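Data block below; observations after.
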Amino acid sequence: MTEKNQAGLILEGGATRGVFTAGALDYLMERGVEFPYVVGVSAGACNAVDYVSRQPGRTKQCMILEDKQYRYISLRKTIRNKSLFDMDMIFDRYPNEIFPFDFDTYFQTKTRCELVVTNCLTGRAEYLTENEDKQRLMKICRASSSVPAACPMVMVDGHPCLDGGIADSIPIIRAMKQGCRKNVVILTRNYGYRKKRPGKSRAFYLAAFKDYPNLANTLLNRYRVYNRTLELVEKWEKEGRIFVIRPRVKTVSRTEQNVKALTDFYQHGYDEMKEQFAAMEEYLHA
């Protein structure tokens with residue numbers, strides 16, 4: 001696939017639900033499929049960089065952990081780090097020690113890879129790239145994956161940032177604005193899913209982010225933006241304008257730790273991409 005195709009790959013987040021995406025991308029890597037443009041959000045950002053660095057199996061290794069000493073979710077670590085996830089483990093020890101990330105291949109690729117963060121001051125999505133600095137790349141991934149109220153804000157280029165999914169969970173419109181006319185979207189929720197409007201969390205967000213009113217406003221309206229985007233995704237999918245891969249079985253939770261459940265969901269992603277691969281290729285080259 002070349003840039004002339006103007007093809008885009010859009011990766012939704014969803015924490016450990018991202019293991020579905022990992023399975024789908026591993027099949028694409030096995031088939032040698034490359035996209036000129038990739039954009040990922042939260043767990044989708046982690047999937048994106050592993051896809052661009054051509055490391056099949058790496059995201060699966062990071063998400064499905066049988067060795068408890070390397071797990072990034074635990075009550076002890078939550079209390080110690082004041083974060084639901086051990087972000088130092090994920091974005092420092094994993095890429096540099098435990099599951100080495102191939103920075104050289106990533107930085108040498110011709111693929112344009114954008115990672116989505118939410119600027120806490122503006123409440124808006126920012127689409128960041130990094131082609132030289134290892135620490136900044138991991139910092140952007142960390143910010144994109146930092147769940148509001150569950151993880152600390154991350155300073156990127158002097159601005160506090162959080163999970164890109166707050167402002168733009170499925171950046172299909174971003175891909176189109178970048179010139180992509182053929183787009184493959186990998187979702188981590190079932191067809192027909194819709195977010196509910198904030199209930200008790202409304203007061204919590206207003207109190208927790210009283211110093212960041214734009215962020216609080218974006219959080220409170222996230223369900224509207226997300227649901228509107230899904231309506232467009234489903235409409236464009238039916239019209240044949242985009243190609244969508246999504247789970248067709250019950251999804252795992254965003255904090256799932258059961259090895260079998262995660263392995264099965266990974267395999268489902270792999271099998272879905274394998275089953276729909278011919279149809280996707282036909283769509284991309286039509």
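Ordering of the structure tokens sets the chain letters (A, B, ...); residue numbers start at 1 within each chain; ligands are numbered from 1 in the order shown.
Neighbouring residues of Asp104 of chain A at 12 Å or closer, counting only C-alpha atoms and skipping chain neighbours under 5 positions away, are Val49, Val52, Ser53, Arg54, Gln55, Thr109, Asn131, Glu132, Asp133 and Lys134 of chain A.
Excluding Gly158 of chain A itself and any same-chain residue fewer than 2 positions from it, the protein and nucleic acid residues within 12 Å of it, counting only C-alpha atoms, are Asn119, Cys120, Leu121, Arg136, Lys139, Met153, Val154, Met155, Val156, Pro160 and Cys161 of chain A.
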Residues of the last selection are to be written out with N, CA, C and O atoms, as a short mmCIF file (atom, residue, chain, number, x, y, z; two decimals), in the first residue's frame.
data_model
loop_
_atom_site.label_atom_id
_atom_site.label_comp_id
_atom_site.auth_asym_id
_atom_site.auth_seq_id
_atom_site.Cartn_x
_atom_site.Cartn_y
_atom_site.Cartn_z
N ASN A 119 -5.76 18.12 25.63
CA ASN A 119 -5.14 19.24 26.34
C ASN A 119 -6.08 19.65 27.47
O ASN A 119 -7.22 20.06 27.21
N CYS A 120 -5.61 19.55 28.70
CA CYS A 120 -6.47 19.83 29.86
C CYS A 120 -6.83 21.31 30.00
O CYS A 120 -7.81 21.65 30.66
N LEU A 121 -6.04 22.18 29.40
CA LEU A 121 -6.32 23.61 29.48
C LEU A 121 -7.41 24.02 28.49
O LEU A 121 -8.30 24.82 28.82
N ARG A 136 10.02 11.63 24.50
CA ARG A 136 8.80 12.37 24.16
C ARG A 136 7.75 11.44 23.55
O ARG A 136 6.56 11.57 23.84
N LYS A 139 6.17 9.68 26.34
CA LYS A 139 5.39 10.63 27.13
C LYS A 139 4.04 10.90 26.45
O LYS A 139 3.00 11.00 27.12
N MET A 153 -2.20 13.82 35.42
CA MET A 153 -1.98 14.50 34.15
C MET A 153 -0.52 14.36 33.76
O MET A 153 0.35 14.21 34.61
N VAL A 154 -0.25 14.41 32.46
CA VAL A 154 1.10 14.29 31.94
C VAL A 154 1.45 15.57 31.20
O VAL A 154 0.69 16.04 30.35
N MET A 155 2.60 16.15 31.53
CA MET A 155 3.03 17.37 30.87
C MET A 155 3.68 17.03 29.52
O MET A 155 4.69 16.33 29.48
N VAL A 156 3.09 17.52 28.45
CA VAL A 156 3.64 17.34 27.11
C VAL A 156 3.82 18.71 26.48
O VAL A 156 2.85 19.46 26.34
N PRO A 160 -0.54 20.35 30.39
CA PRO A 160 -1.07 19.15 31.04
C PRO A 160 -2.03 18.42 30.10
O PRO A 160 -2.93 19.04 29.52
N CYS A 161 -1.83 17.13 29.95
CA CYS A 161 -2.64 16.35 29.01
C CYS A 161 -3.17 15.08 29.67
O CYS A 161 -2.58 14.56 30.62
#
- Task: Could you give me the residues within segment 1-172 of chain A that DSSP places in strand (DSSP E or B), as a PyMOL selection string?
- Result: chain A and resi 7-11+37-41+112-119+125-128+148+151+154-156+159-163
I need the residues from that last selection saved to file as a short mmCIF file (atom, residue, chain, number, x, y, z; two decimals), in the first residue's frame (with N, CA, C and O atoms), if you can.
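And here is the file that came out, part_33.cif:
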data_model
loop_
_atom_site.label_atom_id
_atom_site.label_comp_id
_atom_site.auth_asym_id
_atom_site.auth_seq_id
_atom_site.Cartn_x
_atom_site.Cartn_y
_atom_site.Cartn_z
N ALA A 7 -4.75 5.96 2.33
CA ALA A 7 -5.49 5.09 3.24
C ALA A 7 -5.13 5.40 4.68
O ALA A 7 -3.97 5.64 5.01
N GLY A 8 -6.12 5.39 5.54
CA GLY A 8 -5.90 5.66 6.95
C GLY A 8 -6.35 4.50 7.83
O GLY A 8 -7.29 3.78 7.48
N LEU A 9 -5.66 4.33 8.94
CA LEU A 9 -6.00 3.31 9.93
C LEU A 9 -6.31 4.02 11.23
O LEU A 9 -5.45 4.72 11.78
N ILE A 10 -7.53 3.85 11.75
CA ILE A 10 -7.98 4.57 12.94
C ILE A 10 -8.21 3.56 14.06
O ILE A 10 -8.99 2.60 13.89
N LEU A 11 -7.56 3.77 15.21
CA LEU A 11 -7.59 2.80 16.30
C LEU A 11 -8.21 3.39 17.57
O LEU A 11 -7.64 4.29 18.19
N TYR A 37 -0.97 6.29 6.83
CA TYR A 37 -1.40 7.15 7.94
C TYR A 37 -2.08 6.28 8.99
O TYR A 37 -2.97 5.48 8.68
N VAL A 38 -1.64 6.44 10.24
CA VAL A 38 -2.23 5.73 11.37
C VAL A 38 -2.49 6.73 12.48
O VAL A 38 -1.64 7.57 12.78
N VAL A 39 -3.67 6.66 13.10
CA VAL A 39 -3.96 7.51 14.25
C VAL A 39 -4.56 6.64 15.36
O VAL A 39 -5.46 5.84 15.11
N GLY A 40 -4.01 6.76 16.58
CA GLY A 40 -4.45 5.94 17.69
C GLY A 40 -4.77 6.75 18.92
O GLY A 40 -4.16 7.79 19.18
N VAL A 41 -5.71 6.25 19.68
CA VAL A 41 -6.18 6.93 20.90
C VAL A 41 -6.05 5.99 22.10
O VAL A 41 -6.51 4.85 22.05
N ARG A 112 3.01 8.00 8.65
CA ARG A 112 2.73 9.13 9.55
C ARG A 112 1.83 8.61 10.66
O ARG A 112 0.70 8.15 10.41
N CYS A 113 2.33 8.64 11.88
CA CYS A 113 1.59 8.12 13.03
C CYS A 113 1.23 9.25 13.99
O CYS A 113 2.12 9.89 14.55
N GLU A 114 -0.06 9.50 14.16
CA GLU A 114 -0.52 10.52 15.09
C GLU A 114 -1.14 9.87 16.32
O GLU A 114 -1.90 8.90 16.22
N LEU A 115 -0.80 10.41 17.48
CA LEU A 115 -1.30 9.91 18.75
C LEU A 115 -2.13 11.02 19.39
O LEU A 115 -1.69 12.16 19.48
N VAL A 116 -3.33 10.68 19.84
CA VAL A 116 -4.27 11.69 20.30
C VAL A 116 -4.19 11.88 21.82
O VAL A 116 -4.23 10.91 22.58
N VAL A 117 -4.07 13.13 22.23
CA VAL A 117 -4.13 13.49 23.65
C VAL A 117 -5.19 14.57 23.81
O VAL A 117 -5.58 15.22 22.84
N THR A 118 -5.65 14.77 25.03
CA THR A 118 -6.57 15.87 25.33
C THR A 118 -5.83 16.91 26.14
O THR A 118 -5.29 16.61 27.21
N ASN A 119 -5.76 18.12 25.63
CA ASN A 119 -5.14 19.24 26.34
C ASN A 119 -6.08 19.65 27.47
O ASN A 119 -7.22 20.06 27.21
N ALA A 125 -8.78 18.06 21.57
CA ALA A 125 -7.87 17.00 21.15
C ALA A 125 -6.67 17.60 20.43
O ALA A 125 -6.80 18.59 19.70
N GLU A 126 -5.51 17.01 20.66
CA GLU A 126 -4.31 17.36 19.92
C GLU A 126 -3.75 16.08 19.31
O GLU A 126 -3.78 15.02 19.95
N TYR A 127 -3.26 16.19 18.09
CA TYR A 127 -2.80 15.03 17.33
C TYR A 127 -1.28 15.17 17.17
O TYR A 127 -0.81 15.96 16.35
N LEU A 128 -0.55 14.42 17.97
CA LEU A 128 0.89 14.61 18.08
C LEU A 128 1.68 13.52 17.38
O LEU A 128 1.27 12.36 17.31
N PRO A 148 -8.80 10.04 32.97
CA PRO A 148 -9.08 11.15 33.90
C PRO A 148 -9.50 10.64 35.28
O PRO A 148 -10.30 9.71 35.39
N CYS A 151 -5.60 8.53 36.64
CA CYS A 151 -4.17 8.71 36.39
C CYS A 151 -3.82 10.19 36.47
O CYS A 151 -4.67 11.05 36.17
N VAL A 154 -0.25 14.41 32.46
CA VAL A 154 1.10 14.29 31.94
C VAL A 154 1.45 15.57 31.20
O VAL A 154 0.69 16.04 30.35
N MET A 155 2.60 16.15 31.53
CA MET A 155 3.03 17.37 30.87
C MET A 155 3.68 17.03 29.52
O MET A 155 4.69 16.33 29.48
N VAL A 156 3.09 17.52 28.45
CA VAL A 156 3.64 17.34 27.11
C VAL A 156 3.82 18.71 26.48
O VAL A 156 2.85 19.46 26.34
N HIS A 159 2.24 21.50 28.46
CA HIS A 159 0.80 21.54 28.70
C HIS A 159 0.35 20.25 29.40
O HIS A 159 0.79 19.16 29.03
N PRO A 160 -0.54 20.35 30.39
CA PRO A 160 -1.07 19.15 31.04
C PRO A 160 -2.03 18.42 30.10
O PRO A 160 -2.93 19.04 29.52
N CYS A 161 -1.83 17.13 29.95
CA CYS A 161 -2.64 16.35 29.01
C CYS A 161 -3.17 15.08 29.67
O CYS A 161 -2.58 14.56 30.62
N LEU A 162 -4.26 14.57 29.13
CA LEU A 162 -4.86 13.31 29.56
C LEU A 162 -5.31 12.52 28.34
O LEU A 162 -5.06 12.90 27.19
N ASP A 163 -6.00 11.44 28.62
CA ASP A 163 -6.51 10.49 27.63
C ASP A 163 -7.11 11.19 26.40
O ASP A 163 -8.02 12.01 26.52
#
**Study point:** Non-local contacts of Val259 of chain A (9 Å; only C-alpha atoms; under 3 positions in same chain excluded) as number ranges by chain
**Key:** A: 64-66, 256, 262-264
What lies within 10 Å of Asp26 of chain A using only C-alpha atoms, ignoring chain neighbours under 5 positions off, as a PyMOL selection string?
chain A and resi 21+31-32+47+50-51+54-60+266+269-270+273
For the selection just defined, write its residues with N, CA, C and O atoms to a file, as a short mmCIF file (atom, residue, chain, number, x, y, z; two decimals), in the first residue's frame.
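Written out: again29.cif:
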data_model
loop_
_atom_site.label_atom_id
_atom_site.label_comp_id
_atom_site.auth_asym_id
_atom_site.auth_seq_id
_atom_site.Cartn_x
_atom_site.Cartn_y
_atom_site.Cartn_z
N THR A 21 -7.77 -5.14 19.30
CA THR A 21 -7.06 -4.43 18.25
C THR A 21 -5.70 -5.06 18.01
O THR A 21 -5.25 -5.18 16.86
N ARG A 31 0.60 -10.25 7.30
CA ARG A 31 0.34 -10.15 5.86
C ARG A 31 1.13 -9.02 5.20
O ARG A 31 1.01 -8.79 4.00
N GLY A 32 1.92 -8.31 5.98
CA GLY A 32 2.75 -7.24 5.43
C GLY A 32 2.00 -6.00 5.01
O GLY A 32 2.48 -5.24 4.15
N ASN A 47 -1.24 0.51 20.59
CA ASN A 47 -1.32 -0.41 19.46
C ASN A 47 -0.69 0.20 18.21
O ASN A 47 0.00 -0.47 17.45
N ASP A 50 3.19 0.12 18.18
CA ASP A 50 3.69 -1.25 17.97
C ASP A 50 3.47 -1.71 16.54
O ASP A 50 4.27 -2.47 15.98
N TYR A 51 2.39 -1.24 15.93
CA TYR A 51 2.12 -1.57 14.53
C TYR A 51 3.12 -0.87 13.61
O TYR A 51 3.68 -1.48 12.70
N ARG A 54 6.50 -2.32 13.62
CA ARG A 54 6.50 -3.68 13.06
C ARG A 54 6.90 -4.72 14.11
O ARG A 54 7.83 -5.51 13.90
N GLN A 55 6.17 -4.72 15.23
CA GLN A 55 6.46 -5.68 16.29
C GLN A 55 5.23 -6.52 16.63
O GLN A 55 4.58 -6.31 17.66
N PRO A 56 4.90 -7.48 15.77
CA PRO A 56 3.76 -8.34 16.07
C PRO A 56 3.97 -9.07 17.39
O PRO A 56 5.07 -9.54 17.68
N GLY A 57 2.91 -9.12 18.18
CA GLY A 57 2.97 -9.81 19.46
C GLY A 57 3.36 -8.94 20.63
O GLY A 57 3.13 -9.32 21.78
N ARG A 58 3.92 -7.75 20.39
CA ARG A 58 4.38 -6.93 21.51
C ARG A 58 3.22 -6.41 22.35
O ARG A 58 3.27 -6.48 23.59
N THR A 59 2.19 -5.89 21.72
CA THR A 59 1.05 -5.39 22.50
C THR A 59 0.41 -6.52 23.29
O THR A 59 0.00 -6.34 24.44
N LYS A 60 0.33 -7.69 22.67
CA LYS A 60 -0.23 -8.85 23.36
C LYS A 60 0.60 -9.17 24.60
O LYS A 60 0.06 -9.43 25.68
N TYR A 266 -8.15 -11.37 22.35
CA TYR A 266 -7.07 -11.14 21.38
C TYR A 266 -7.28 -12.02 20.15
O TYR A 266 -7.20 -11.54 19.01
N GLY A 269 -9.96 -10.81 17.87
CA GLY A 269 -9.52 -9.72 17.00
C GLY A 269 -8.73 -10.24 15.81
O GLY A 269 -8.92 -9.79 14.67
N TYR A 270 -7.85 -11.19 16.07
CA TYR A 270 -7.04 -11.81 15.01
C TYR A 270 -7.95 -12.51 13.99
O TYR A 270 -7.80 -12.33 12.78
N MET A 273 -10.08 -10.05 11.80
CA MET A 273 -9.31 -9.44 10.72
C MET A 273 -9.03 -10.47 9.62
O MET A 273 -9.12 -10.16 8.42
#
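Remark: for Gln276 of chain A, the closest of the candidate residues A:Arg254, A:Leu137, A:Arg93, A:Val244 is A:Val244 (distances computed over only C-alpha atoms).
Summary of the local environment: counting only C-alpha atoms, residues at most 9 Å from Glu231 of chain A, other than itself and those fewer than 5 positions away along its chain, are Gly192, Tyr226 and Trp236 of chain A.
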Once you have the residues from the selection above, write them out as a CSV table (one decimal), in the first residue's frame, restricted to C-alpha atoms.
chain,number,residue,atom,x,y,z
A,192,GLY,CA,-24.8,-0.4,18.4
A,226,TYR,CA,-18.8,9.9,21.0
A,236,TRP,CA,-20.5,5.6,6.4
TODO: Have a look at A:Lys238, A:Lys260, A:Lys110, A:Arg248 and name the one nearest to Met63 of chain A; count only C-alpha atoms.
DONE: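 Once distances to Met63 of chain A are computed over only C-alpha atoms, the minimum belongs to A:Lys260.
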Those in segment 47-174 of chain A with helix (DSSP H, G or I) from DSSP, as number ranges by chain = A: 47-52, 58-63, 68-70, 75-81, 87-98, 103-108, 134-144, 164-166, 172-174
- Give me the residues within 10 Å of Gly13 of chain A as a list of chain:residue names, counting only C-alpha atoms and dropping any in the same chain fewer than 5 places off. A:Gly18, A:Val19, A:Thr21, A:Gly40, A:Val41, A:Ser42, A:Ala43, A:Gly44, A:Ala45, A:Cys46, A:Asn47, A:Ser144, A:Ser145, A:Asp163, A:Gly164, A:Gly165, A:Ser169, A:Ile170, A:Ile186, A:Leu187, A:Thr188, A:Arg189, A:Arg254
TODO: Mind checking which residues fall within 9 Å of segment 277-281 of chain A, counting only C-alpha atoms, ignoring those fewer than 2 positions away in the same chain, and posting them as number ranges by chain?
DONE: A: 28, 184, 243-244, 272-275, 283-286
Problem set entry | Residue with smallest distance to Thr229 of chain A - pool A:Asp67, A:Glu30, A:Glu12, A:Asp88, counting only C-alpha atoms |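 Between A:Asp67, A:Glu30, A:Glu12, A:Asp88, the residue approaching Thr229 of chain A most closely is A:Glu12.
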Checklist entry - Using only C-alpha atoms, which residue out of A:Asp168, A:Asp211, A:Glu239, A:Glu34 lies closest to Arg124 of chain A? => result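 Smallest distance to Arg124 of chain A is found for A:Asp168.
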Checklist entry - With distances taken over only C-alpha atoms, which of A:Val185, A:Glu130, A:Leu215, A:Val249 is nearest to Phe265 of chain A? => result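 Checking each candidate against Phe265 of chain A, we get A:Val249 as the closest.
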